[in-house]
file entry_0.cif (mmCIF, C-alpha atoms and all ligand atoms)
data_structure
#
loop_
_atom_site.label_atom_id
_atom_site.label_comp_id
_atom_site.auth_asym_id
_atom_site.auth_seq_id
_atom_site.Cartn_x
_atom_site.Cartn_y
_atom_site.Cartn_z
CA MET A 1 -104.26 150.38 -87.21
CA PRO A 2 -104.45 146.55 -87.16
CA VAL A 3 -103.19 145.00 -83.95
CA PHE A 4 -102.17 141.33 -83.86
CA THR A 5 -101.73 139.13 -80.82
CA VAL A 6 -99.24 136.49 -81.93
CA GLY A 7 -98.98 133.17 -80.13
CA ARG A 8 -100.14 129.57 -80.14
CA SER A 9 -103.69 130.87 -79.50
CA GLY A 10 -103.06 134.21 -81.19
CA ASP A 11 -105.14 135.87 -83.88
CA GLN A 12 -102.34 135.91 -86.50
CA LYS A 13 -103.36 134.29 -89.79
CA PHE A 14 -100.44 131.88 -89.98
CA GLU A 15 -100.25 128.77 -87.86
CA ILE A 16 -97.93 128.28 -84.90
CA GLY A 17 -98.06 124.56 -84.13
CA GLN A 18 -98.85 123.28 -80.65
CA ASP A 19 -95.42 121.57 -80.67
CA ARG A 20 -93.82 125.05 -80.39
CA GLN A 21 -93.97 124.84 -76.64
CA PHE A 22 -91.68 127.82 -76.03
CA VAL A 23 -94.32 130.06 -77.63
CA HIS A 24 -96.89 131.37 -75.15
CA ASN A 25 -100.57 131.27 -76.07
CA GLU A 26 -100.43 135.05 -76.32
CA HIS A 27 -96.77 135.91 -76.74
CA VAL A 28 -96.37 139.26 -78.46
CA ARG A 29 -98.60 142.13 -79.62
CA ILE A 30 -97.67 143.82 -82.90
CA THR A 31 -99.28 147.04 -84.04
CA VAL A 32 -99.13 147.32 -87.81
CA ASP A 33 -99.09 150.73 -89.45
CA GLU A 34 -100.41 150.19 -92.97
CA HIS A 35 -99.07 153.56 -94.13
CA SER A 36 -95.50 153.28 -92.88
CA ASP A 37 -92.77 150.78 -92.00
CA ASN A 38 -92.89 151.90 -88.39
CA TRP A 39 -94.56 149.02 -86.54
CA TYR A 40 -94.58 148.44 -82.80
CA LEU A 41 -93.91 145.32 -80.77
CA GLU A 42 -94.75 144.52 -77.14
CA ASP A 43 -93.79 141.34 -75.29
CA LEU A 44 -97.05 140.39 -73.57
CA LYS A 45 -95.09 138.77 -70.71
CA GLY A 46 -93.15 142.02 -70.17
CA GLY A 47 -89.80 140.25 -70.65
CA LYS A 48 -90.56 137.71 -67.90
CA GLY A 49 -91.69 134.88 -70.17
CA ASN A 50 -89.76 132.97 -72.83
CA GLY A 51 -88.80 136.19 -74.53
CA VAL A 52 -89.13 137.93 -77.89
CA TYR A 53 -85.92 138.05 -79.94
CA LEU A 54 -85.30 140.48 -82.78
CA ARG A 55 -82.66 139.80 -85.47
CA ASP A 56 -80.14 142.65 -85.70
CA SER A 57 -78.12 143.89 -88.69
CA ALA A 58 -75.35 141.37 -87.95
CA GLY A 59 -77.88 138.52 -88.11
CA ASP A 60 -77.86 137.83 -84.36
CA PHE A 61 -81.01 137.67 -82.25
CA ARG A 62 -81.37 140.14 -79.35
CA LEU A 63 -83.94 140.03 -76.58
CA VAL A 64 -86.46 142.89 -76.76
CA VAL A 65 -89.51 143.87 -74.68
CA ASN A 66 -91.04 146.93 -76.37
CA CYS A 67 -89.66 148.43 -79.55
CA HIS A 68 -90.41 149.72 -83.02
CA ILE A 69 -89.89 147.20 -85.79
CA LYS A 70 -90.02 147.17 -89.59
CA PRO A 71 -91.97 144.69 -91.77
CA ASN A 72 -88.70 143.02 -92.84
CA ASP A 73 -87.55 142.40 -89.27
CA VAL A 74 -87.27 138.78 -88.21
CA LEU A 75 -88.64 137.80 -84.81
CA ARG A 76 -88.17 134.66 -82.78
CA LEU A 77 -90.63 133.78 -80.03
CA GLY A 78 -88.66 131.94 -77.37
CA PRO A 79 -84.97 131.06 -77.08
CA GLU A 80 -83.15 129.30 -79.94
CA ASN A 81 -84.74 125.89 -80.02
CA ALA A 82 -86.99 123.73 -82.21
CA LYS A 83 -89.82 124.60 -79.78
CA SER A 84 -89.60 128.32 -80.56
CA PHE A 85 -91.06 130.03 -83.65
CA THR A 86 -89.36 132.40 -86.09
CA PHE A 87 -91.07 134.62 -88.67
CA MET A 88 -90.62 137.84 -90.60
CA ALA A 89 -93.03 140.50 -89.30
CA HIS A 90 -94.46 140.97 -92.81
CA GLN A 91 -96.14 137.53 -92.46
CA LEU A 92 -98.79 139.30 -90.38
CA VAL A 93 -100.11 141.15 -93.46
CA ALA A 94 -99.38 138.43 -96.07
CA PRO A 95 -99.70 135.11 -94.22
CA ASN A 96 -98.17 132.06 -95.92
CA ASP A 97 -97.06 134.12 -98.92
CA TYR A 98 -93.26 134.37 -98.89
CA SER A 99 -92.76 136.48 -102.02
CA TYR A 100 -92.00 139.61 -99.95
CA GLU A 101 -89.44 137.67 -97.89
CA PHE A 102 -87.73 136.20 -100.98
CA LYS A 103 -87.60 139.65 -102.63
CA TYR A 104 -85.91 140.94 -99.47
CA LEU A 105 -83.47 137.97 -99.51
CA ARG A 106 -82.54 138.65 -103.13
CA ALA A 107 -81.82 142.29 -102.28
CA MET A 108 -79.74 141.20 -99.28
CA ASP A 109 -77.85 138.68 -101.42
CA LYS A 110 -77.00 141.44 -103.92
CA ARG A 111 -75.77 143.62 -101.05
CA PHE A 112 -73.54 140.82 -99.69
CA LYS A 113 -72.14 140.04 -103.14
CA LYS A 114 -71.37 143.76 -103.67
CA ALA A 115 -69.62 143.87 -100.27
CA GLU A 116 -67.56 140.79 -101.25
CA GLU A 117 -66.63 142.36 -104.61
CA GLU A 118 -65.59 145.62 -102.93
CA HIS A 119 -63.55 143.64 -100.43
CA ALA A 120 -61.88 141.62 -103.23
CA ALA A 121 -60.90 144.91 -104.98
CA VAL A 122 -59.34 146.23 -101.74
CA VAL A 123 -57.40 142.96 -101.23
CA LYS A 124 -56.13 143.14 -104.84
CA LYS A 125 -54.90 146.70 -104.21
CA HIS A 126 -53.21 145.60 -100.95
CA ASN A 127 -51.47 142.67 -102.72
CA LEU A 128 -50.21 145.05 -105.41
CA ASN A 129 -48.86 147.40 -102.72
CA MET A 130 -46.94 144.49 -101.20
CA ILE A 131 -45.30 143.78 -104.59
CA ILE A 132 -44.54 147.43 -105.39
CA ALA A 133 -43.25 148.52 -101.93
CA PRO A 134 -39.99 146.47 -101.97
CA ILE A 135 -39.29 147.49 -105.61
CA ILE A 136 -39.55 151.19 -104.63
CA CYS A 137 -37.38 150.68 -101.53
CA VAL A 138 -34.63 148.79 -103.44
CA SER A 139 -34.72 151.51 -106.16
CA LEU A 140 -34.26 154.19 -103.48
CA VAL A 141 -31.24 152.33 -102.05
CA ALA A 142 -29.77 152.11 -105.59
CA ILE A 143 -30.32 155.88 -106.15
CA VAL A 144 -28.63 156.70 -102.81
CA ARG A 145 -25.73 154.41 -103.88
CA ILE A 146 -25.20 156.59 -107.00
CA PHE A 147 -24.73 159.79 -104.96
CA ALA A 148 -23.13 158.36 -101.83
CA PRO A 149 -20.82 155.38 -102.25
CA ILE A 150 -21.88 152.65 -99.84
CA ASP A 151 -19.86 149.65 -98.77
CA PRO A 152 -20.96 146.66 -100.94
CA MET A 153 -21.76 144.52 -97.86
CA LEU A 154 -23.83 147.35 -96.37
CA MET A 155 -25.53 147.77 -99.76
CA LEU A 156 -26.44 144.07 -99.75
CA ALA A 157 -27.80 144.33 -96.21
CA LEU A 158 -29.84 147.43 -97.08
CA CYS A 159 -31.30 145.68 -100.14
CA GLY A 160 -32.23 142.71 -97.94
CA VAL A 161 -34.03 144.96 -95.48
CA ALA A 162 -35.72 146.93 -98.31
CA THR A 163 -37.00 143.66 -99.80
CA ALA A 164 -38.30 142.03 -96.62
CA LEU A 165 -39.41 144.85 -94.32
CA PRO A 166 -42.10 146.69 -96.38
CA PRO A 167 -44.14 143.56 -97.25
CA GLY A 168 -43.88 142.45 -93.59
CA LEU A 169 -45.16 145.81 -92.31
CA LEU A 170 -47.91 145.92 -94.93
CA ARG A 171 -48.97 142.37 -94.06
CA LEU A 172 -49.43 143.53 -90.47
CA LYS A 173 -51.38 146.59 -91.61
CA TYR A 174 -53.67 144.48 -93.84
CA ARG A 175 -54.13 141.62 -91.36
CA SER A 176 -57.84 142.44 -90.95
CA ASP A 177 -58.51 141.61 -94.66
CA SER A 178 -59.26 137.93 -94.08
CA GLU A 179 -61.28 138.68 -90.91
CA ARG A 180 -63.48 141.11 -92.82
CA LEU A 181 -64.19 138.57 -95.60
CA LYS A 182 -64.98 135.95 -92.93
CA ARG A 183 -67.41 138.39 -91.27
CA ILE A 184 -69.19 139.14 -94.57
CA LYS A 185 -69.58 135.40 -95.29
CA GLU A 186 -70.78 134.65 -91.73
CA THR A 187 -73.38 137.44 -91.80
CA ARG A 188 -74.55 136.31 -95.26
CA ALA A 189 -75.05 132.77 -93.92
CA LYS A 190 -77.20 134.14 -91.06
CA PHE A 191 -79.49 136.00 -93.48
CA LEU A 192 -79.91 133.69 -96.47
CA LEU A 193 -82.26 131.25 -94.78
CA CYS A 194 -85.67 130.04 -95.94
CA PRO A 195 -88.31 132.35 -94.40
CA LYS A 196 -90.51 129.34 -93.61
CA CYS A 197 -88.36 126.34 -92.66
CA TRP A 198 -85.19 128.42 -91.85
CA ARG A 199 -82.84 126.04 -93.65
CA VAL A 200 -79.87 127.47 -95.56
CA LEU A 201 -80.91 128.51 -99.08
CA SER A 202 -78.78 127.73 -102.12
CA ASP A 203 -77.93 130.44 -104.69
CA TYR A 204 -80.44 128.70 -106.99
CA ASP A 205 -83.20 129.00 -104.35
CA VAL A 206 -82.47 132.71 -103.80
CA ARG A 207 -82.44 133.39 -107.56
CA ASN A 208 -85.71 131.50 -108.07
CA CYS A 209 -87.37 132.90 -104.91
CA LYS A 210 -88.36 129.40 -103.78
CA CYS A 211 -87.13 127.02 -101.09
CA SER A 212 -86.32 123.67 -102.71
CA VAL A 213 -86.91 121.86 -99.39
CA CYS A 214 -90.24 123.17 -98.04
CA LYS A 215 -91.38 124.72 -101.38
CA ALA A 216 -92.12 128.09 -99.75
CA MET A 217 -92.32 130.84 -102.38
ZN ZN A 301 -87.94 126.17 -96.67
#

call {"tool": "encode", "arguments": {"input": "entry_0.cif", "output": "structure tokens", "more": "lines below"}}
Ligand SMILES: [Zn+2]
result
Amino acid sequence: MPVFTVGRSGDQKFEIGQDRQFVHNEHVRITVDEHSDNWYLEDLKGGKGNGVYLRDSAGDFRLVVNCHIKPNDVLRLGPENAKSFTFMAHQLVAPNDYSYEFKYLRAMDKRFKKAEEEHAAVVKKHNLNMIIAPIICVSLVAIVRIFAPIDPMLMLALCGVATALPPGLLRLKYRSDSERLKRIKETRAKFLLCPKCWRVLSDYDVRNCKCSVCKAM
């Protein structure tokens, strides 16, 4: 199995500039399994150097020392800074060719759009519930009025409560709707970055599998 020592003096086939001073000369060892997506990573400083950070499913970077990784995992050598270096592990087997990364980004973009659509459908259903709930409650009060005469003032008060209370309670129940949409959008923004220059990609860039700034493709 090919083993790569990645760093400023590493044997990886893509360049890590000497200006990336947070990257050690020999920073991380990655064992590539050509027959599976089960690769292995070891911080050559044993966690006592500038650190190896692995991007998690929420798009945040977590410090790791030894762990299994997949080709589409994104690694950062050193803390968040212009002097660190970020790359997708697949670069080790296809250096300076970003087609794999862009294909992955397109798939991720589809997944985020599907999540947003599903969320929009749930919000639509919740909004409908908030319209229907007071209508049902007022109808129930009217039906009760037919069988049990109620004082007109009490009837008015009951109708007021039936109109205001259900939407208020449902609004409380559905209060996480906007937070969830915010979370989807935030995670999307953490993923849809150019795999070379790490700037935010436009929808056009993702569709065309090319960064319009650094021309990576
Ligand atoms: Zn770019």

call {"tool": "atom_distance", "arguments": {"input": "entry_0.cif", "atom1": "CA of Cys211 (chain A)", "atom2": "CA of Val23 (chain A)"}}
result
24.7 Å

call {"tool": "residues_near_ligand", "arguments": {"input": "entry_0.cif", "ligand": "ligand ZN 301 (chain A)", "cutoff": "12 Å", "atoms": "all atoms listed in the file", "output": "PyMOL selection string"}}
result
chain A and resi 96+98+101-102+192-202+205-206+209-217

call {"tool": "closest_residue", "arguments": {"input": "entry_0.cif", "among": "A:Arg55, A:Leu92, A:Arg62, A:Ser178", "to": "Val3 (chain A)", "atoms": "all atoms listed in the file"}}
result
A:Leu92

call {"tool": "residues_around", "arguments": {"input": "entry_0.cif", "residues": "Leu181 (chain A)", "least_positions_apart": "2", "cutoff": "9 Å", "atoms": "all atoms listed in the file", "output": "VMD selection string"}}
result
chain A and resid 115 to 116 119 to 120 176 to 179 183 to 186

call {"tool": "atom_distance", "arguments": {"input": "entry_0.cif", "atom1": "CA of Arg188 (chain A)", "atom2": "CA of Ala121 (chain A)"}}
result
18.8 Å

call {"tool": "axis_aligned_box", "arguments": {"input": "entry_0.cif", "around": "region 135-154 of chain A", "padding_each_side": "6 Å", "output": "AutoDock Vina command-line options"}}
result
--center_x -29.7 --center_y 152.2 --center_z -101.7 --size_x 31.7 --size_y 27.3 --size_z 22.6

call {"tool": "closest_residue", "arguments": {"input": "entry_0.cif", "among": "A:Ala189, A:Val161, A:Leu75, A:Ala82", "to": "Asp109 (chain A)", "atoms": "all atoms listed in the file"}}
result
A:Ala189

call {"tool": "residues_around", "arguments": {"input": "entry_0.cif", "residues": "Ile135 (chain A)", "least_positions_apart": "5", "cutoff": "12 Å", "atoms": "only C-alpha atoms", "output": "PyMOL selection string"}}
result
chain A and resi 128-130+140-142+159-167

call {"tool": "closest_residue", "arguments": {"input": "entry_0.cif", "among": "A:Glu26, A:Glu118, A:Asn66, A:Gly59", "to": "Glu42 (chain A)", "atoms": "all atoms listed in the file"}}
result
A:Asn66

call {"tool": "residues_around", "arguments": {"input": "entry_0.cif", "residues": "Arg145 (chain A)", "least_positions_apart": "4", "cutoff": "12 Å", "atoms": "all atoms listed in the file", "output": "list of chain:residue names"}}
result
A:Val138, A:Ser139, A:Leu140, A:Val141, A:Pro149, A:Ile150, A:Asp151, A:Pro152, A:Leu154, A:Met155, A:Leu156, A:Leu158, A:Cys159

call {"tool": "decode", "arguments": {"input": "entry_0.cif", "residues": "region 150-164 of chain A", "atoms": "all heavy atoms", "output": "PDB file, in the first residue's frame"}}
result
ATOM      1  N   ILE A 150     -74.582  28.841  25.258  1.00  0.00           N
ATOM      2  CA  ILE A 150     -73.507  29.525  25.999  1.00  0.00           C
ATOM      3  C   ILE A 150     -73.813  31.019  25.984  1.00  0.00           C
ATOM      4  O   ILE A 150     -74.334  31.551  24.983  1.00  0.00           O
ATOM      5  CB  ILE A 150     -72.139  29.267  25.329  1.00  0.00           C
ATOM      6  CG1 ILE A 150     -71.861  27.746  25.251  1.00  0.00           C
ATOM      7  CG2 ILE A 150     -71.000  29.955  26.064  1.00  0.00           C
ATOM      8  CD1 ILE A 150     -70.629  27.397  24.444  1.00  0.00           C
ATOM      9  N   ASP A 151     -73.473  31.660  27.065  1.00  0.00           N
ATOM     10  CA  ASP A 151     -73.646  33.108  27.163  1.00  0.00           C
ATOM     11  C   ASP A 151     -72.885  33.776  26.009  1.00  0.00           C
ATOM     12  O   ASP A 151     -71.750  33.405  25.715  1.00  0.00           O
ATOM     13  CB  ASP A 151     -73.065  33.557  28.521  1.00  0.00           C
ATOM     14  CG  ASP A 151     -73.153  35.054  28.680  1.00  0.00           C
ATOM     15  OD1 ASP A 151     -74.241  35.546  28.970  1.00  0.00           O
ATOM     16  OD2 ASP A 151     -72.099  35.721  28.457  1.00  0.00           O
ATOM     17  N   PRO A 152     -73.526  34.741  25.292  1.00  0.00           N
ATOM     18  CA  PRO A 152     -72.861  35.352  24.116  1.00  0.00           C
ATOM     19  C   PRO A 152     -71.481  35.930  24.425  1.00  0.00           C
ATOM     20  O   PRO A 152     -70.564  35.834  23.614  1.00  0.00           O
ATOM     21  CB  PRO A 152     -73.826  36.459  23.693  1.00  0.00           C
ATOM     22  CG  PRO A 152     -75.141  36.081  24.270  1.00  0.00           C
ATOM     23  CD  PRO A 152     -74.881  35.271  25.504  1.00  0.00           C
ATOM     24  N   MET A 153     -71.323  36.544  25.613  1.00  0.00           N
ATOM     25  CA  MET A 153     -70.013  37.122  25.969  1.00  0.00           C
ATOM     26  C   MET A 153     -68.969  36.021  26.133  1.00  0.00           C
ATOM     27  O   MET A 153     -67.826  36.147  25.684  1.00  0.00           O
ATOM     28  CB  MET A 153     -70.130  37.929  27.282  1.00  0.00           C
ATOM     29  CG  MET A 153     -70.901  39.223  27.136  1.00  0.00           C
ATOM     30  SD  MET A 153     -70.314  40.254  25.756  1.00  0.00           S
ATOM     31  CE  MET A 153     -68.794  40.868  26.445  1.00  0.00           C
ATOM     32  N   LEU A 154     -69.412  34.893  26.782  1.00  0.00           N
ATOM     33  CA  LEU A 154     -68.507  33.764  26.973  1.00  0.00           C
ATOM     34  C   LEU A 154     -68.143  33.160  25.624  1.00  0.00           C
ATOM     35  O   LEU A 154     -66.996  32.794  25.365  1.00  0.00           O
ATOM     36  CB  LEU A 154     -69.163  32.712  27.885  1.00  0.00           C
ATOM     37  CG  LEU A 154     -68.325  31.461  28.176  1.00  0.00           C
ATOM     38  CD1 LEU A 154     -67.029  31.827  28.896  1.00  0.00           C
ATOM     39  CD2 LEU A 154     -69.119  30.452  29.003  1.00  0.00           C
ATOM     40  N   MET A 155     -69.162  33.115  24.727  1.00  0.00           N
ATOM     41  CA  MET A 155     -68.949  32.592  23.366  1.00  0.00           C
ATOM     42  C   MET A 155     -67.892  33.423  22.643  1.00  0.00           C
ATOM     43  O   MET A 155     -66.974  32.890  22.006  1.00  0.00           O
ATOM     44  CB  MET A 155     -70.295  32.663  22.629  1.00  0.00           C
ATOM     45  CG  MET A 155     -70.233  32.285  21.181  1.00  0.00           C
ATOM     46  SD  MET A 155     -70.093  30.508  20.980  1.00  0.00           S
ATOM     47  CE  MET A 155     -69.981  30.388  19.197  1.00  0.00           C
ATOM     48  N   LEU A 156     -68.001  34.745  22.782  1.00  0.00           N
ATOM     49  CA  LEU A 156     -67.018  35.643  22.149  1.00  0.00           C
ATOM     50  C   LEU A 156     -65.616  35.390  22.693  1.00  0.00           C
ATOM     51  O   LEU A 156     -64.645  35.291  21.942  1.00  0.00           O
ATOM     52  CB  LEU A 156     -67.406  37.098  22.443  1.00  0.00           C
ATOM     53  CG  LEU A 156     -68.120  37.859  21.322  1.00  0.00           C
ATOM     54  CD1 LEU A 156     -68.421  39.278  21.787  1.00  0.00           C
ATOM     55  CD2 LEU A 156     -67.270  37.890  20.055  1.00  0.00           C
ATOM     56  N   ALA A 157     -65.550  35.248  24.036  1.00  0.00           N
ATOM     57  CA  ALA A 157     -64.255  35.010  24.682  1.00  0.00           C
ATOM     58  C   ALA A 157     -63.653  33.687  24.226  1.00  0.00           C
ATOM     59  O   ALA A 157     -62.457  33.606  23.904  1.00  0.00           O
ATOM     60  CB  ALA A 157     -64.420  35.020  26.203  1.00  0.00           C
ATOM     61  N   LEU A 158     -64.519  32.648  24.149  1.00  0.00           N
ATOM     62  CA  LEU A 158     -64.031  31.327  23.715  1.00  0.00           C
ATOM     63  C   LEU A 158     -63.506  31.378  22.277  1.00  0.00           C
ATOM     64  O   LEU A 158     -62.483  30.784  21.951  1.00  0.00           O
ATOM     65  CB  LEU A 158     -65.157  30.285  23.837  1.00  0.00           C
ATOM     66  CG  LEU A 158     -65.452  29.758  25.245  1.00  0.00           C
ATOM     67  CD1 LEU A 158     -66.674  28.867  25.229  1.00  0.00           C
ATOM     68  CD2 LEU A 158     -64.251  29.000  25.809  1.00  0.00           C
ATOM     69  N   CYS A 159     -64.254  32.115  21.422  1.00  0.00           N
ATOM     70  CA  CYS A 159     -63.807  32.254  20.021  1.00  0.00           C
ATOM     71  C   CYS A 159     -62.460  32.965  19.951  1.00  0.00           C
ATOM     72  O   CYS A 159     -61.594  32.619  19.145  1.00  0.00           O
ATOM     73  CB  CYS A 159     -64.848  33.026  19.202  1.00  0.00           C
ATOM     74  SG  CYS A 159     -66.269  32.000  18.805  1.00  0.00           S
ATOM     75  N   GLY A 160     -62.290  33.975  20.810  1.00  0.00           N
ATOM     76  CA  GLY A 160     -61.004  34.712  20.854  1.00  0.00           C
ATOM     77  C   GLY A 160     -59.863  33.784  21.215  1.00  0.00           C
ATOM     78  O   GLY A 160     -58.811  33.772  20.560  1.00  0.00           O
ATOM     79  N   VAL A 161     -60.110  32.971  22.258  1.00  0.00           N
ATOM     80  CA  VAL A 161     -59.065  32.026  22.699  1.00  0.00           C
ATOM     81  C   VAL A 161     -58.793  30.993  21.598  1.00  0.00           C
ATOM     82  O   VAL A 161     -57.643  30.685  21.279  1.00  0.00           O
ATOM     83  CB  VAL A 161     -59.502  31.322  24.015  1.00  0.00           C
ATOM     84  CG1 VAL A 161     -58.534  30.209  24.370  1.00  0.00           C
ATOM     85  CG2 VAL A 161     -59.573  32.331  25.154  1.00  0.00           C
ATOM     86  N   ALA A 162     -59.876  30.481  20.972  1.00  0.00           N
ATOM     87  CA  ALA A 162     -59.732  29.457  19.927  1.00  0.00           C
ATOM     88  C   ALA A 162     -58.980  29.992  18.717  1.00  0.00           C
ATOM     89  O   ALA A 162     -58.308  29.255  18.005  1.00  0.00           O
ATOM     90  CB  ALA A 162     -61.116  28.969  19.509  1.00  0.00           C
ATOM     91  N   THR A 163     -59.067  31.312  18.488  1.00  0.00           N
ATOM     92  CA  THR A 163     -58.376  31.905  17.342  1.00  0.00           C
ATOM     93  C   THR A 163     -56.899  32.157  17.644  1.00  0.00           C
ATOM     94  O   THR A 163     -56.039  31.952  16.791  1.00  0.00           O
ATOM     95  CB  THR A 163     -59.056  33.255  16.959  1.00  0.00           C
ATOM     96  OG1 THR A 163     -60.452  33.018  16.856  1.00  0.00           O
ATOM     97  CG2 THR A 163     -58.539  33.802  15.663  1.00  0.00           C
ATOM     98  N   ALA A 164     -56.610  32.594  18.865  1.00  0.00           N
ATOM     99  CA  ALA A 164     -55.235  33.018  19.174  1.00  0.00           C
ATOM    100  C   ALA A 164     -54.354  31.913  19.746  1.00  0.00           C
ATOM    101  O   ALA A 164     -53.155  31.846  19.437  1.00  0.00           O
ATOM    102  CB  ALA A 164     -55.289  34.197  20.161  1.00  0.00           C
TER     103      ALA A 164
END
